[in-house]
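To start, the structure under review is shown below, and the notes come after it.
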Amino acid sequence: MRKATPFGRRLAALALAATTVLTTISGVAAGEPAAGETELKEAAGRGLAANIRYTEYGIPHIKAADFAGLGYGYGFATAKDNICVLADTYLTVGAQRSRYLGPDAPGNSALGSARTSLSSDLYFQQIIDSGVVERALAAPPPRGPRPEVREIIRGYVAGYNRYLRDTGVAGISDPACRGAEWVRPISEIEVYRHFYAVATISGQGQLADSITAAAPPDPAAGVAPAEPAIPADAADRVRRAMGKQDMGSNAFAIGSDGTANRGGLLLGNPHFPWHGGRRFWQSQLTVPGRLNVSGGSLLGLPLVHIGFNRNVAWSHTVATPTTFGLYEVDLVPGEPTTYLVDGRQEKMTSRAVSVQVRGPDGSLDTVERTLYSTRYGPVLSPAFGLPLSWTETSAYTLRDANHGNLRGLNTWFELGRARDTRDIERALSETQGVPWVNTVAADRRGRALYADIQVVPHVTDELARQCSTPLGARIFPASGLPVLEGSRGECAWGTDQDALIPGIFGPDRMPVLYRTDYVANSNDSAWLSNPRQPITGYPRIMGDIGTERGARTRMALTAIEEHLAGGRFSRRDMQELLFDDRSWAGRQAAADTARMCAGLPDGQAPTSGGGTVQVGRACTALSEWDHRMATDSRGGLLFERYWLKVARLRDLWQVPFDPADPIATPHTLDTTEPRVRQALGDAITELRAAGIEPDAPLGENHYVVRGGDRIPVHGGHGTQGVLNMIVSEWDPERGNTEVVHGSSHIQAVSFGRGYCPDAATLLTYSQSSDPSSPHHADQTRLFAQGKWVRSRFCEWDIRTSPELRIVRLRER
């Protein structure tokens with residue numbers, strides 16, 4: 001007899017502890033009481049119960065009589081679609097990657113910057129050992145999760161484990177983890193650790209390698225490391241490193257003065273990764289009389305993060321406030337783990353962190369590393385290209401404003417129950433849990449809201465002036481990252497009276513704007529959320545004021561203003577605005593580039609390598625390009641490859657930025673600049689090496705492969721100001737291949753006179769990461785065609801779906 005594994009014993013115990021019932025019903029008649037509310041209440045009285053009603057494209061409408069049942073249905077349904085991605089998430093936050101995958105395997109980029117599994121495990125193990133999540137979990141709400149949230153997560157864990165128990169590891173259809181020993185049942189604490197990892201990804205999460213590599217100077221080395229000089233481009237290095245390269249968004253809310261039906265209208269267009277643990281998953285979550293919300297969730301977090309209910313819709317964009325800060329502490333001579341605060345000595349906290357590591361022969365060993373912290377947070381090694389060395393005289397340490405943040409779970413629960421935009425602002429203000437995004441919302445009454453109420457370190461401009469180190473003085477004005485003197489107690493972060501936790505700004509200090517025409521954000525600061533009413537007066541750490549806007553911001557504001565000048569918005573107008581795929585940079589610079597190209601001596605473009613390349617049909621392709629990144633646009637790919645290089649240059653425009661004309665300036669490309677010509681030559685060379693003609697239709701070389709089919713993808717890089725942002729991997733021999741990130745869970749929601757919201761949605765990469773699923777690429781094909789999914793929110797819509805299928809899930 002084969003000996004039972006620990007995993008097998010755990011599954012067996014779960015099976016004995018519960019009696020389960022699962023019934024699937026297809027082809028329900030329109031008049032049948034598909035919601036089953038009475039039956040659900042009766043089932044809930046006996047244990048966990050949910051009805052999962054699937055409509056087109058595998059979208060589940062999960063209904064339960066209580067919140068535990070709602071989480072139960074969510075956990076089962078999301079595991080069914082994405083078990084391997086979820087299991088990898090729990091493997092990561094449990095610090096077990098090295099044990100199962102080996103220490104040199106890549107880290108999970110969805111949850112932090114750790115390059116290897118060993119670094120990832122050391123980082124997450126020190127979080128586990130610190131007990132920070134457990135302390136936050138023990139706090140009463142609003143600091144800790146409210147009872148309904150706890151119930152949802154309790155049910156989610158049971159639903160996830162139920163799916164795994166029913167399927168068995170060997171029965172998983174996704175080859176990415178079928179039969180893998182690291183796929184296992186989960187516990188509630190792992191879900192909370194997952195949220196905490198997401199909350200801190202913009203702070204300590206992006207410095208994981210720096211935290212795990214930090215070590216005091218070794219006296220035995222003989223020569224103490226000297227303090228490196230501050231590089232001249234230090235601020236640029238920080239801006240590039242903190243740019244959240246794989247996340248962005250557009251969000252537009254149109255008020256009653258700008259809509260055809262006088263109600264609110266929202267477009268939510270987050271640009272998130274297409275792969276891994278920051279994928280969205282779409283659902284509707286209903287507990288009758290208590291919650292009814294539809295939208296997208298980050299995988300494994302059973303609350304709607306971007307969505308709508310009957311009266312209000314909201315979206316988020318990755319915001320500009322810096323969510324962490326650095327401190328430089330002076331060390332006691334000869335004692336590199338003792339530092340000074342106001343002349344008094346404090347010992348660093350040391351923690352021996354141990355993780356299990358699988359060797360090449362399959363044997364397990366233990367790796368131990370000592371990590372250090374100060375009163376501010378973990379000690380660092382160099383990061384962001386900055387001289388953050390731990391020397392005999394000083395060390396750098398990090399304070400993350402999202403430390404201990406589980407409050408965001410309450411935030412998104414409350415957003416799902418909001419009745420209007422005022423409720424949205426109230427939910428943000430009372431929970432103070434949004435970690436690194438701002439919020440754009442529209443309601444049935446026609447009010448549009450922009451609110452950057454999120455977690456921000458309480459570093460005023462005055463504090464930065466008084467307490468910045470030389471490095472901080474260099475980088476803070478341009479990047480918003482504070483580097484303060486940790487050896488002066490007066491340099492500690494402040495606290496507002498209305499802040500829930502010490503060290504952050506309260507909501508009364510945050511940028512908030514209500515309008516009846518529109519608000520918009522495309523990852524720039526709050527300043528021009530509506531150029532007719534600029535927002536000013538906030539501290540630098542929250543974002544800049546009066547500076548050049550990004551290309552997507554300029555495209556968005558121009559497109560909205562142009563439309564409003566000629567009429568009012570409908571939901572369909574907003575969908576067309578996004579999928580028009582216009583390039584702001586193309587409108588501004590393609591014609592000048594084509595003329596520059598045509599004027600090159602002997603038809604030869606210089607390259608950055610010192611040679612030249614024959615331009616061939618490139619000049620004609622640029623002059624005839626329609627300035628769009630549609631699949632049939634010719635010349636768009638050439639311009640994108642060119643503009644990705646040009647946009648990195650300084651002093652690009654002949655007419656500079658003017659804060660009095662912030663949308664139209666800067667303009668007029670300086671085509672006399674040699675580096676601009678070299679950028680064109682390099683782009684032509686790239687396309688030629690990949691065998692791509694400069695005037696080939698975009699869709700021939702801008703695609704994803706699903707199930708052996710090559711699906712053309714429209715959209716372009718945000719650098720050139722395409723709202724429908726799509727960023728693909730570039731293969732030197734094949735050109736653009738797999739999409740890395742970009743438009744993900746899109747929603748256009750309109751509120752008119754009818755009871756039901758009028759909404760269309762699209763999950764660009766589809767519901768399931770499992771290549772064997774029928775919902776692995778179905779919405780991706782819609783996206784390729786520029787089509788959307790009709791949202792089914794109200795009961796009649798759900799019941800009349802031609803593909804309605806009901807799963808009645810019971811456990812008692």
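Chain labels A, B, ... are given in the sequence in which chains occur in the structure tokens; within each chain residues are numbered consecutively from 1, and ligands are likewise numbered from 1 in the order shown.
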Per residue of range 83-130 of chain A within 8 Å of range 359-375 of chain A, which atom pair is closest and at what distance in Å (one decimal), using only C-alpha atoms, listed by chain and increasing number, as JSON lines?
```
{"residue": "A:Arg99", "atom": "CA", "partner": "A:Leu364", "partner_atom": "CA", "distance": 7.0}
{"residue": "A:Gly102", "atom": "CA", "partner": "A:Gly359", "partner_atom": "CA", "distance": 6.6}
{"residue": "A:Leu122", "atom": "CA", "partner": "A:Arg369", "partner_atom": "CA", "distance": 7.8}
```
What are the closest atom pairs, with distances in Å to one decimal, for each residue of range 737-764 of chain A lying within 9 Å of range 778-785 of chain A, using only C-alpha atoms, rows by chain and rising residue number, as JSON lines?
```
{"residue": "A:Leu762", "atom": "CA", "partner": "A:Gln779", "partner_atom": "CA", "distance": 6.8}
{"residue": "A:Leu763", "atom": "CA", "partner": "A:Gln779", "partner_atom": "CA", "distance": 6.2}
{"residue": "A:Thr764", "atom": "CA", "partner": "A:Thr780", "partner_atom": "CA", "distance": 5.0}
```
Write out as an MDAnalysis selection string which residues come within 7 Å of range 394-402 of chain A when counting only C-alpha atoms, dropping same-chain ones fewer than 3 positions away. chainID A and resid 199:200 203:204 323:331 374 376:380 388:391 405 435 455:457 504
Selection above as a file: N, CA, C and O atoms, as an mmCIF file, in the first residue's frame:
```
data_model
loop_
_atom_site.group_PDB
_atom_site.id
_atom_site.type_symbol
_atom_site.label_atom_id
_atom_site.label_comp_id
_atom_site.auth_asym_id
_atom_site.auth_seq_id
_atom_site.Cartn_x
_atom_site.Cartn_y
_atom_site.Cartn_z
ATOM 1 N N ALA A 199 -0.835 45.154 -1.082
ATOM 2 C CA ALA A 199 -0.866 46.498 -0.507
ATOM 3 C C ALA A 199 0.523 47.122 -0.433
ATOM 4 O O ALA A 199 0.679 48.337 -0.580
ATOM 5 N N THR A 200 1.548 46.314 -0.213
ATOM 6 C CA THR A 200 2.904 46.841 -0.029
ATOM 7 C C THR A 200 3.771 46.713 -1.280
ATOM 8 O O THR A 200 4.971 46.977 -1.213
ATOM 9 N N GLY A 203 5.781 49.710 -2.170
ATOM 10 C CA GLY A 203 6.753 50.154 -1.186
ATOM 11 C C GLY A 203 7.818 49.110 -0.982
ATOM 12 O O GLY A 203 8.685 48.898 -1.826
ATOM 13 N N GLN A 204 7.743 48.396 0.153
ATOM 14 C CA GLN A 204 8.788 47.424 0.447
ATOM 15 C C GLN A 204 8.806 46.290 -0.567
ATOM 16 O O GLN A 204 9.864 45.679 -0.804
ATOM 17 N N THR A 323 4.430 55.993 -1.611
ATOM 18 C CA THR A 323 3.830 55.325 -0.452
ATOM 19 C C THR A 323 4.854 54.882 0.585
ATOM 20 O O THR A 323 4.500 54.197 1.545
ATOM 21 N N PHE A 324 6.111 55.254 0.403
ATOM 22 C CA PHE A 324 7.137 54.884 1.379
ATOM 23 C C PHE A 324 8.187 55.978 1.416
ATOM 24 O O PHE A 324 8.178 56.911 0.618
ATOM 25 N N GLY A 325 9.078 55.880 2.357
ATOM 26 C CA GLY A 325 10.167 56.837 2.452
ATOM 27 C C GLY A 325 11.409 56.158 3.003
ATOM 28 O O GLY A 325 11.340 55.065 3.592
ATOM 29 N N LEU A 326 12.548 56.783 2.811
ATOM 30 C CA LEU A 326 13.820 56.267 3.313
ATOM 31 C C LEU A 326 14.333 57.175 4.426
ATOM 32 O O LEU A 326 14.076 58.379 4.448
ATOM 33 N N TYR A 327 15.060 56.559 5.335
ATOM 34 C CA TYR A 327 15.777 57.297 6.380
ATOM 35 C C TYR A 327 17.238 56.880 6.346
ATOM 36 O O TYR A 327 17.553 55.697 6.152
ATOM 37 N N GLU A 328 18.119 57.839 6.534
ATOM 38 C CA GLU A 328 19.542 57.546 6.731
ATOM 39 C C GLU A 328 19.837 57.712 8.215
ATOM 40 O O GLU A 328 19.549 58.768 8.805
ATOM 41 N N VAL A 329 20.375 56.661 8.823
ATOM 42 C CA VAL A 329 20.690 56.711 10.252
ATOM 43 C C VAL A 329 22.203 56.716 10.446
ATOM 44 O O VAL A 329 22.941 56.032 9.723
ATOM 45 N N ASP A 330 22.653 57.493 11.413
ATOM 46 C CA ASP A 330 24.067 57.501 11.790
ATOM 47 C C ASP A 330 24.340 56.334 12.732
ATOM 48 O O ASP A 330 23.557 56.052 13.641
ATOM 49 N N LEU A 331 25.485 55.667 12.521
ATOM 50 C CA LEU A 331 25.829 54.482 13.307
ATOM 51 C C LEU A 331 26.874 54.812 14.366
ATOM 52 O O LEU A 331 27.675 55.747 14.214
ATOM 53 N N THR A 374 15.380 48.897 11.777
ATOM 54 C CA THR A 374 15.428 49.999 12.730
ATOM 55 C C THR A 374 13.992 50.322 13.153
ATOM 56 O O THR A 374 13.046 49.647 12.736
ATOM 57 N N TYR A 376 12.298 52.492 12.001
ATOM 58 C CA TYR A 376 11.577 52.909 10.797
ATOM 59 C C TYR A 376 11.158 51.723 9.927
ATOM 60 O O TYR A 376 10.134 51.777 9.240
ATOM 61 N N GLY A 377 11.955 50.668 9.931
ATOM 62 C CA GLY A 377 11.677 49.526 9.072
ATOM 63 C C GLY A 377 12.967 48.823 8.681
ATOM 64 O O GLY A 377 14.025 49.038 9.291
ATOM 65 N N PRO A 378 12.912 47.976 7.651
ATOM 66 C CA PRO A 378 14.068 47.158 7.287
ATOM 67 C C PRO A 378 15.238 47.980 6.761
ATOM 68 O O PRO A 378 15.060 49.006 6.095
ATOM 69 N N VAL A 379 16.454 47.505 7.059
ATOM 70 C CA VAL A 379 17.674 48.111 6.536
ATOM 71 C C VAL A 379 17.863 47.636 5.092
ATOM 72 O O VAL A 379 17.528 46.500 4.740
ATOM 73 N N LEU A 380 18.429 48.509 4.268
ATOM 74 C CA LEU A 380 18.526 48.259 2.833
ATOM 75 C C LEU A 380 19.964 48.108 2.379
ATOM 76 O O LEU A 380 20.903 48.596 3.015
ATOM 77 N N LEU A 388 22.903 53.497 -1.573
ATOM 78 C CA LEU A 388 22.302 53.212 -0.269
ATOM 79 C C LEU A 388 23.135 52.207 0.509
ATOM 80 O O LEU A 388 22.618 51.333 1.202
ATOM 81 N N SER A 389 24.424 52.319 0.402
ATOM 82 C CA SER A 389 25.315 51.339 1.025
ATOM 83 C C SER A 389 25.281 51.417 2.546
ATOM 84 O O SER A 389 25.147 52.493 3.139
ATOM 85 N N TRP A 390 25.401 50.269 3.172
ATOM 86 C CA TRP A 390 25.535 50.155 4.625
ATOM 87 C C TRP A 390 27.027 50.224 4.934
ATOM 88 O O TRP A 390 27.781 49.293 4.680
ATOM 89 N N THR A 391 27.447 51.369 5.451
ATOM 90 C CA THR A 391 28.865 51.581 5.737
ATOM 91 C C THR A 391 29.095 51.537 7.250
ATOM 92 O O THR A 391 28.173 51.255 8.020
ATOM 93 N N ASN A 405 -1.364 47.179 6.568
ATOM 94 C CA ASN A 405 -2.619 47.577 5.923
ATOM 95 C C ASN A 405 -3.440 46.364 5.479
ATOM 96 O O ASN A 405 -3.170 45.763 4.448
ATOM 97 N N PRO A 435 -4.250 51.402 -1.155
ATOM 98 C CA PRO A 435 -2.803 51.465 -0.933
ATOM 99 C C PRO A 435 -2.020 52.306 -1.928
ATOM 100 O O PRO A 435 -1.056 52.963 -1.546
ATOM 101 N N VAL A 455 -3.287 55.827 0.915
ATOM 102 C CA VAL A 455 -2.269 55.827 1.963
ATOM 103 C C VAL A 455 -1.043 56.596 1.472
ATOM 104 O O VAL A 455 -0.429 56.227 0.463
ATOM 105 N N VAL A 456 -0.690 57.684 2.181
ATOM 106 C CA VAL A 456 0.452 58.522 1.804
ATOM 107 C C VAL A 456 1.232 58.899 3.063
ATOM 108 O O VAL A 456 0.643 59.356 4.051
ATOM 109 N N PRO A 457 2.553 58.730 3.070
ATOM 110 C CA PRO A 457 3.350 59.155 4.224
ATOM 111 C C PRO A 457 3.162 60.638 4.525
ATOM 112 O O PRO A 457 3.120 61.464 3.607
ATOM 113 N N ILE A 504 0.434 59.008 8.506
ATOM 114 C CA ILE A 504 -0.121 59.226 7.164
ATOM 115 C C ILE A 504 -0.985 60.482 7.154
ATOM 116 O O ILE A 504 -1.415 60.980 8.198
#
```
If you count only C-alpha atoms, which residues fall within 7 Å of range 267-277 of chain A, apart from same-chain ones fewer than 6 positions away, as a PDB file with C-alpha atoms, in the first residue's frame?
```
ATOM      1  CA  VAL A  85      -1.961  31.009 -10.737  1.00  0.00           C
ATOM      2  CA  LEU A  86      -3.645  31.032  -7.342  1.00  0.00           C
ATOM      3  CA  THR A  89       0.408  32.949  -5.170  1.00  0.00           C
ATOM      4  CA  ALA A 110       2.993  39.758  -9.292  1.00  0.00           C
ATOM      5  CA  ASP A 246       3.630  46.912 -15.607  1.00  0.00           C
ATOM      6  CA  MET A 247       0.666  48.865 -14.206  1.00  0.00           C
ATOM      7  CA  GLY A 248      -1.266  51.923 -15.274  1.00  0.00           C
ATOM      8  CA  SER A 249      -4.825  52.929 -16.158  1.00  0.00           C
ATOM      9  CA  ASN A 250      -7.269  55.380 -17.649  1.00  0.00           C
ATOM     10  CA  ALA A 251     -10.488  56.313 -15.873  1.00  0.00           C
ATOM     11  CA  PHE A 252     -13.016  58.878 -17.119  1.00  0.00           C
ATOM     12  CA  ALA A 253     -16.228  59.911 -15.365  1.00  0.00           C
ATOM     13  CA  LEU A 299      -7.208  36.981  -8.515  1.00  0.00           C
ATOM     14  CA  SER A 315     -12.508  52.618 -11.293  1.00  0.00           C
ATOM     15  CA  THR A 317      -5.744  54.384 -11.731  1.00  0.00           C
ATOM     16  CA  MET A 574     -17.096  56.137 -24.679  1.00  0.00           C
ATOM     17  CA  MET A 725      -2.558  50.623 -24.041  1.00  0.00           C
ATOM     18  CA  VAL A 739       1.249  40.867 -24.656  1.00  0.00           C
ATOM     19  CA  VAL A 740       2.879  41.651 -21.302  1.00  0.00           C
ATOM     20  CA  HIS A 741       0.413  44.144 -19.928  1.00  0.00           C
ATOM     21  CA  GLY A 742      -2.161  46.703 -20.951  1.00  0.00           C
ATOM     22  CA  SER A 743      -5.935  47.025 -21.192  1.00  0.00           C
ATOM     23  CA  SER A 744      -7.399  44.340 -18.952  1.00  0.00           C
ATOM     24  CA  HIS A 745     -10.804  44.516 -17.235  1.00  0.00           C
ATOM     25  CA  ILE A 746     -12.580  47.289 -19.153  1.00  0.00           C
ATOM     26  CA  GLN A 747     -16.006  48.615 -18.255  1.00  0.00           C
ATOM     27  CA  ALA A 748     -18.247  51.323 -19.703  1.00  0.00           C
ATOM     28  CA  VAL A 749     -21.182  51.982 -17.372  1.00  0.00           C
ATOM     29  CA  TYR A 765      -7.252  38.132 -21.744  1.00  0.00           C
TER      30      TYR A 765
END
```
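Between CA of Arg734 in chain A and CA of Ala589 in chain A there is a distance of 26.6 Å.
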Under the rule that only C-alpha atoms are counted, which of A:Val304, A:Ala630, A:Glu56, A:Pro502 is the nearest residue to Thr800 in chain A? A:Glu56
Closest to Asn523 in chain A among A:Thr719, A:Asn736, A:Thr469, A:Gln614, using only C-alpha atoms? A:Thr719
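Close contacts of Glu335 in chain A, defined as residues with an atom at most 10 Å away when counting only C-alpha atoms, with chain neighbours fewer than 2 positions off set aside, comprise Pro216, Pro217, Leu331, Val332, Pro333, Thr337, Thr338, Tyr339, Lys347, Glu392 and Thr393 of chain A.
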Using the selection just defined, write its residues with all heavy atoms as a compact mmCIF listing (two decimals), in the first residue's frame.
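Below is the file that was written, again.txt:
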```txt
# COMPACT_ATOMS: atom_id res chain seq x y z
N PRO A 216 25.58 44.10 7.43
CA PRO A 216 26.51 45.09 7.96
C PRO A 216 27.89 44.91 7.36
O PRO A 216 28.24 43.82 6.89
CB PRO A 216 26.50 44.80 9.46
CG PRO A 216 26.07 43.38 9.58
CD PRO A 216 25.13 43.14 8.45
N PRO A 217 28.69 45.98 7.33
CA PRO A 217 30.05 45.86 6.80
C PRO A 217 30.86 44.86 7.62
O PRO A 217 30.69 44.74 8.83
CB PRO A 217 30.61 47.28 6.92
CG PRO A 217 29.77 47.95 7.96
CD PRO A 217 28.41 47.34 7.83
N LEU A 331 25.48 55.67 12.52
CA LEU A 331 25.83 54.48 13.31
C LEU A 331 26.87 54.81 14.37
O LEU A 331 27.68 55.75 14.21
CB LEU A 331 26.36 53.39 12.38
CG LEU A 331 25.41 52.97 11.24
CD1 LEU A 331 26.07 51.90 10.37
CD2 LEU A 331 24.08 52.46 11.80
N VAL A 332 26.85 54.04 15.43
CA VAL A 332 27.85 54.19 16.48
C VAL A 332 29.18 53.65 15.96
O VAL A 332 29.23 52.54 15.41
CB VAL A 332 27.42 53.41 17.75
CG1 VAL A 332 28.52 53.43 18.80
CG2 VAL A 332 26.12 54.00 18.30
N PRO A 333 30.27 54.40 16.08
CA PRO A 333 31.57 53.92 15.57
C PRO A 333 31.93 52.55 16.12
O PRO A 333 31.85 52.30 17.33
CB PRO A 333 32.56 55.00 16.05
CG PRO A 333 31.72 56.23 16.18
CD PRO A 333 30.37 55.75 16.64
N THR A 337 25.55 47.85 13.84
CA THR A 337 24.14 47.51 14.05
C THR A 337 23.52 48.31 15.20
O THR A 337 22.47 47.95 15.72
CB THR A 337 23.96 46.00 14.32
OG1 THR A 337 24.69 45.65 15.49
CG2 THR A 337 24.44 45.17 13.14
N THR A 338 24.19 49.41 15.56
CA THR A 338 23.65 50.32 16.56
C THR A 338 23.62 51.72 15.95
O THR A 338 24.60 52.18 15.38
CB THR A 338 24.52 50.34 17.83
OG1 THR A 338 24.62 49.00 18.34
CG2 THR A 338 23.92 51.24 18.89
N TYR A 339 22.48 52.38 16.08
CA TYR A 339 22.33 53.69 15.45
C TYR A 339 21.90 54.71 16.50
O TYR A 339 21.54 54.36 17.65
CB TYR A 339 21.34 53.65 14.29
CG TYR A 339 19.93 53.25 14.65
CD1 TYR A 339 18.91 54.20 14.76
CD2 TYR A 339 19.59 51.91 14.87
CE1 TYR A 339 17.61 53.83 15.08
CE2 TYR A 339 18.30 51.52 15.18
CZ TYR A 339 17.30 52.50 15.29
OH TYR A 339 16.02 52.13 15.61
N LYS A 347 19.69 49.79 19.39
CA LYS A 347 20.14 48.59 18.68
C LYS A 347 19.15 48.26 17.57
O LYS A 347 17.94 48.37 17.73
CB LYS A 347 20.23 47.40 19.64
CG LYS A 347 21.37 47.47 20.64
CD LYS A 347 22.72 47.27 19.96
CE LYS A 347 22.88 45.89 19.39
NZ LYS A 347 24.24 45.69 18.81
N GLU A 392 30.30 51.83 7.68
CA GLU A 392 30.58 51.86 9.11
C GLU A 392 30.01 53.09 9.79
O GLU A 392 29.94 53.14 11.02
CB GLU A 392 32.09 51.79 9.35
CG GLU A 392 32.70 50.44 8.99
CD GLU A 392 34.16 50.36 9.41
OE1 GLU A 392 34.77 51.43 9.59
OE2 GLU A 392 34.67 49.23 9.56
N THR A 393 29.61 54.07 9.00
CA THR A 393 29.12 55.32 9.59
C THR A 393 27.62 55.54 9.42
O THR A 393 27.03 56.30 10.18
CB THR A 393 29.86 56.52 8.98
OG1 THR A 393 29.67 56.53 7.56
CG2 THR A 393 31.36 56.44 9.30
```
Write out as a PyMOL selection string the set of residues from range 285-447 of chain A that DSSP, computed on the backbone, places in strand (DSSP E). chain A and resi 285-287+291-298+306-308+312-318+324-332+335-341+344-347+349-358+364-373+394-400+437-443
Contacts of range 686-689 of chain A within 9 Å, only C-alpha atoms, excl. fewer than 2 positions in-chain, as number ranges by chain: A: 637-638, 641, 681-684, 691-694, 732-735
Of A:Ala590, A:Ala418, A:Val705, A:Ala235, the one sitting nearest Arg310 in chain A when using only C-alpha atoms is A:Ala418
If you run DSSP over the backbone, which residues in range 503-661 of chain A end up alpha helix (DSSP H)? Put them as a ChimeraX atom specification. /A:551-566,571-579,584-598,618-624,636-646
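Distances from A:Leu118, A:Ile59, A:Leu386, A:Leu40 to Thr212 in chain A were compared using only C-alpha atoms, and the smallest one belongs to A:Leu118.
Shortest separation to Ile172 in chain A among A:Asp420, A:Asp658, A:Glu425, A:Asp81 occurs at residue A:Asp81, atoms counted being only C-alpha atoms.
Atom pair CA of Asn701 in chain A / CA of His717 in chain A: separated by 14.4 Å.
Between CA of Phe639 in chain A and CA of Trp625 in chain A lies a distance of 9.0 Å.
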Tell me which protein, DNA and RNA residues are within 10 Å of Phe384 in chain A, counting only C-alpha atoms, leaving out same-chain ones fewer than 5 positions away, and put them as a PyMOL selection string. chain A and resi 206-207+210+234-242
